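K.L.:
Pasting in a structure now, in structure tokens, and then I'll have a few things to ask.
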Amino acid sequence: MLSLKSPISNVTKNGPTNRSKRIVVAVTASSTLLERVAHLADDGKPYFNLIPNNGRWPKGIPPVMGGHLMDSGVVSPISVSKGAGVEITPHQFQYPTSEGHATINIANSKTEVSQLIAKTIFESAKAAIDSKGSFCLVLSGCSVPNHLDALSTIGGIDWSKVYVFFLDERIVPLTDAESHYHQIKTSLFSKVPIPTDNIFAISEGLSAKESATNYEGRLLQVPKSILPRSADGAFPVFDLVLLGCGVEGRFGSMFPNCPQLAVKDKWVVSVEKAAKPPAQRIALSLPVINAAKEVLFVVLGGHKAEIVERVLETQSLPGSLPAQLVRPSSGRLQWLLDTESSRNLHLKDWGNAKRFPRSE
């Protein structure tokens, strides 16, 4: 390998100078060139410097010199960025712009859990009925229906003025054990005098997309005197929403990083490939939940201790823990835990701003 020196690099405004100028090219060595090198000729004409072959790159200089290889071994693409923040596509999930506030209640037994749920529903129902003559309640399935037994025995609720909606629902027959309607009918509807027309179950025989459109249409038909709208008129304002929280940080059918979690212009979304069966579902959108007057998470059991700690104490990437995105804009947020699900919390340190929120 030889280097060729050329006058190009030292050209001035008035033309070339007397000094030799140099650029590097690959050429084949010859005896004549080697002689010029030996005599160190510098007569203003191009000449060659011999670069010894050190054997480092027998096939020539690699094309990735100064670049990077991906794990696959492929050369990483050249950045096309036009600068920080210029013509970027925002991530579908964003960090909240303000602090969240929640009330934590810890129950000592299953009986106390049921009693606290019944108390919360009773107080919310009374306030809503006294204020507007109706109470709009959103219930979820899975573990929540198992703790509604005390509600059926509590007195003082005018069930004719109670309207029940579903946080999410599986696209299965209403008689199926997987149906949230079926679960809540067994634990509550069959035990209280609530009118059938006040229960907003999904319509059967529809696909997830059709069911979401149908359910949103039915919500839109509920008079505003019963189901008011948010200040901007964009979303319904439910009086109370009861949620559970899965071990992966989901609520209802909103699984981590699912695109439905980022929807901002719909009341009801379809979930056609849920991370758990049944795959076909519908769910109230996040803006609808955050427009509610009151939201209550019910999270119980030792198997939920780790996720409770992560959601309440650790700052995670937006969307990775959907439960962290539940932040009522004008309402109140509560968490109902038991001694097992709350065992990993560092409640005595929550007042220390240097320790919370954690990022580890």
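The chains in the structure tokens are called A, B, ... from first to last as shown; in each chain the residues are counted from 1, and the ligands are counted from 1 in the order shown.
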Skipping near chain neighbours, those fewer than 4 positions away, what residues fall within 10 Å of Trp159 (chain A) using only C-alpha atoms, listed as an NGL selection string?
P.N.:
:A and (125 or 134-135 or 163 or 192-195 or 198)
K.L.:
Taking the DSSP secondary structure from the backbone, can you list the residues of region 82-272 of chain A that are strand (DSSP E or B), as a PyMOL selection string?
P.N.:
chain A and resi 103-107+135-139+162-166+168-170+199+229+236+240-243+251+254+268-271
K.L.:
What gap, in Å, lies between CA of Leu261 (chain A) and CA of Glu169 (chain A)?
P.N.:
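Distance between the two atoms: 15.6 Å.
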K.L.:
Using backbone DSSP assignments, extract all helix (DSSP H, G or I) residues from region 269-308 of chain A; output them as an MDAnalysis selection string.
P.N.:
chainID A and resid 286:290 302:308
K.L.:
Which of these, A:Val268, A:Ala208, A:Leu243, A:Ile106, has the shortest distance to Glu294 (chain A) once you count only C-alpha atoms?
P.N.:
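Of all the options, A:Leu243 lies closest to Glu294 (chain A).
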K.L.:
Closest to Ala127 (chain A) among A:Ala274, A:Leu312, A:Ile184, A:Ile157, using only C-alpha atoms?
P.N.:
A:Ile157
K.L.:
For His303 (chain A), which residue out of A:Asn344, A:Cys258, A:Leu286, A:Ser316 is the nearest one, using only C-alpha atoms?
P.N.:
A:Asn344
